[in-house]
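**Q** Got a structure here, written out as structure tokens. Questions coming.
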Amino acid sequence: RVTRSITREAAALVTNDMARAYRPSRTELAMMPYYGTLAFLAKGDLDGAVVEARRLALRLEESEQDATSDERSMRAALRLLTASVFEAAGEWNDAAVARRHVVALTGDSSFAPSDGVPTVPDDSVDVLVVVEHGFAPHRVAQRAVLGLRGDVGTVLQGITQQDARGGVFGMGSWRSNGWWWDDRTVAGGVERDLRNLTTLAWPVLAHVLAPAPMQLAGGETPAGAARLLVGDVGASIAAEYRRALPGILTRVAARAIARRGALELIQGGKGKRRGVATAAAVATAALDLADTRSWSALPNGVGVQRVRVPRTAGQLRVWVGGGLASIALPPSRSPLRLAHHRAYDRMGTPLAALAAIGTVP
């Protein structure tokens, strides 16, 4: 459901986008039932997991028509997760639909639905391996402080002429430990007359990295070197940011124009109300904040694979980037056990990902 408040939109025009109601992105909407599915599987409640998997499939179906190529891998990994849950519950038609989606998204026919109804030997158990790595890109504030003489066109011209190579979509600088965004003074600096003070604030994406490869290791399982299907959550979030960027910049420009016009009206002819206009300019500059609301704890990559292991297996081992992790397999009566692991470190150099987008100095 999408609702908009005219009052909040008007308030955002004179304050900032934080006045607008927060609307989760479709990636965030899909990740909510994803975590619901994992929670029920961890409890051994397969029926509850099936309900959440249906909700996840519905979220993916709603945005199927306008999904971009950057979202394909994430959608494929989530589809494989739903297929595994449906198969464990005996929902073979839904599982076949989900697997056909995986094949269409990846081009890999090994994910195609199997003929007939497979059976699990008594000495074996199916395990859904889910590995999460890193943190997805999150929004950080970019702010420009400008001093104007004349119309707001100087503001927009100053912004468009800046070096925007830093980061991915905004200004910034490279330091030894990553990309940093900071305040920039543009268009000749701030004039001494505070009535000419104008600020622009907008969100940019930080920490945009490629997901790490994930692969099961040999040992207690017969899975050998099976690779996990890795979904690039970060790329999906970046694609949504690019779609939202024109609207964000349009509101920034409209806000700057509206403020300049309001200040001209406040001070009146020949600057009769100079003090009031100065106070209003300082107040509006302080109120100009970038809307950085987002689900900042999401993983950058999600690896999914279903494997069959001996019922006596106590753990799985998985390679995530350059690190080896062990995942315990607690006993469960559920036909589908969950082996979940969250790797918080990068396990790889960010320079490789930055070079891929052409931003390494």
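Just so we're on the same page: first chain in the structure tokens is A, next is B, and so on; residues restart at 1 for each chain, and ligands are numbered from 1 in the order they show up.
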Quick one: residues within 9 Å of Val320 in chain A, only C-alpha atoms counted, chain neighbours fewer than 5 positions away excluded, as an mmCIF file with N, CA and C atoms, in the first residue's frame?
**A**
```
data_model
loop_
_atom_site.group_PDB
_atom_site.id
_atom_site.type_symbol
_atom_site.label_atom_id
_atom_site.label_comp_id
_atom_site.auth_asym_id
_atom_site.auth_seq_id
_atom_site.Cartn_x
_atom_site.Cartn_y
_atom_site.Cartn_z
ATOM 1 N N VAL A 131 24.162 -18.443 4.045
ATOM 2 C CA VAL A 131 25.325 -17.710 4.553
ATOM 3 C C VAL A 131 25.170 -16.249 4.159
ATOM 4 N N HIS A 133 26.936 -12.388 4.273
ATOM 5 C CA HIS A 133 28.288 -11.826 4.347
ATOM 6 C C HIS A 133 28.248 -10.309 4.242
ATOM 7 N N ALA A 212 31.146 -11.588 -1.710
ATOM 8 C CA ALA A 212 32.197 -12.596 -1.710
ATOM 9 C C ALA A 212 31.668 -13.914 -2.254
ATOM 10 N N PRO A 213 32.501 -14.682 -2.971
ATOM 11 C CA PRO A 213 32.074 -16.025 -3.386
ATOM 12 C C PRO A 213 31.927 -16.939 -2.178
ATOM 13 N N MET A 214 31.002 -17.873 -2.251
ATOM 14 C CA MET A 214 30.742 -18.781 -1.142
ATOM 15 C C MET A 214 30.692 -20.206 -1.667
ATOM 16 N N GLN A 215 31.354 -21.114 -0.957
ATOM 17 C CA GLN A 215 31.470 -22.490 -1.418
ATOM 18 C C GLN A 215 31.556 -23.423 -0.222
ATOM 19 N N LEU A 216 30.799 -24.499 -0.272
ATOM 20 C CA LEU A 216 30.889 -25.505 0.780
ATOM 21 C C LEU A 216 32.217 -26.234 0.695
ATOM 22 N N ALA A 325 34.530 -21.052 7.606
ATOM 23 C CA ALA A 325 33.655 -21.009 8.775
ATOM 24 C C ALA A 325 32.994 -22.360 8.965
ATOM 25 N N ALA A 343 28.679 -13.789 8.392
ATOM 26 C CA ALA A 343 30.074 -13.353 8.395
ATOM 27 C C ALA A 343 30.092 -11.838 8.308
ATOM 28 N N MET A 347 36.378 -10.117 4.366
ATOM 29 C CA MET A 347 37.009 -11.302 3.772
ATOM 30 C C MET A 347 37.421 -11.035 2.325
#
```
**Q** Mind running range 299-346 of chain A against range 99-111 of chain A at 12 Å and telling me each contacting residue's nearest atom pair with the distance in Å (one decimal), counting only C-alpha atoms, chain and number ascending, as CSV?
**A**
```
residue,atom,partner,partner_atom,distance
A:Val304,CA,A:Val102,CA,11.8
A:Gln305,CA,A:Phe111,CA,10.3
A:Arg306,CA,A:Phe111,CA,10.7
```
**Q** Quick one: pull the distance between CA of Val233 in chain A and CA of Ile248 in chain A, Å, one decimal.
**A** 21.7 Å
**Q** Do you have the CA of Ala95 in chain A-CA of Thr82 in chain A distance handy?
**A**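 Atom-to-atom, CA of Ala95 in chain A to CA of Thr82 in chain A, that is 7.2 Å.
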**Q** Here is a test: counting only C-alpha atoms, which residue of A:Ala98, A:Ile6, A:Val85, A:Val140 is nearest to Glu61 in chain A?
**A**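 Using only C-alpha atoms, the shortest distance to Glu61 in chain A belongs to A:Ala98.
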**Q** For range 333-342 of chain A, find every residue with an atom within 7 Å (counting only C-alpha atoms), except residues of its own chain fewer than 5 positions away, and show them as a ChimeraX atom specification.
**A** /A:41-42,44,46,88,125-133,327-328
**Q** Which polymer residues have any atom within 9 Å of an atom of Val276 in chain A, counting only C-alpha atoms, with same-chain residues fewer than 5 positions away left out, as a compact mmCIF listing (two decimals) with C-alpha atoms, in the first residue's frame?
**A**
```txt
# COMPACT_ATOMS: atom_id res chain seq x y z
CA ILE A 266 10.69 37.97 4.28
CA GLN A 267 13.29 40.70 3.93
CA ALA A 281 18.32 31.74 6.52
```
**Q** Quick one: of A:Ala226, A:Ala136, A:Leu80, A:Leu209, who's nearest to Ala112 in chain A, counting only C-alpha atoms?
**A** A:Leu80
**Q** Leaving out Glu71 in chain A and any residue of its chain fewer than 2 positions from it, which residues lie within 12 Å of it when counting only C-alpha atoms, given as a VMD selection string?
**A** chain A and resid 26 to 27 30 60 63 to 69 73 to 78 105 to 106 230 to 240 301
**Q** Rank nothing, just name the residue among A:Leu81, A:Ala244, A:Leu329, A:Ile257 nearest to Arg23 in chain A, using only C-alpha atoms.
**A**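 With only C-alpha atoms as the atom set, the closest residue is A:Ala244.
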**Q** Which is closer to His207 in chain A than all the others in A:Gly323, A:Pro137, A:Pro113, A:Gly247, using only C-alpha atoms?
**A** A:Pro137
**Q** Tell me which of A:Arg311, A:Arg274, A:His138, A:Arg317 sits closest to Trp295 in chain A, counting only C-alpha atoms.
**A**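 Smallest separation from Trp295 in chain A among the options: A:His138.
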**Q** Run DSSP on the backbone and give me the residues of range 10-94 of chain A it puts in alpha helix (DSSP H), as a VMD selection string.
**A** chain A and resid 10 to 14 26 to 43 46 to 62 72 to 88 92 to 94
**Q** To one decimal place, how far is CA of Arg259 in chain A from CA of Ser294 in chain A in Å?
**A**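 It comes out at 26.9 Å.
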**Q** Fewer than 3 positions away in the same chain doesn't count, so skip those; otherwise give me all residues within 7 Å of range 15-18 of chain A, counting only C-alpha atoms, as a compact mmCIF listing (two decimals) with C-alpha atoms, in the first residue's frame.
**A**
```txt
# COMPACT_ATOMS: atom_id res chain seq x y z
CA ALA A 11 6.53 20.32 5.17
CA ALA A 12 9.39 18.54 3.39
CA THR A 284 16.53 26.77 7.30
CA LEU A 287 17.01 22.17 9.12
CA ASP A 288 18.39 20.93 5.81
CA LEU A 289 19.19 17.29 6.56
CA ALA A 290 19.65 14.38 4.18
CA ASP A 291 17.18 11.51 4.45
```
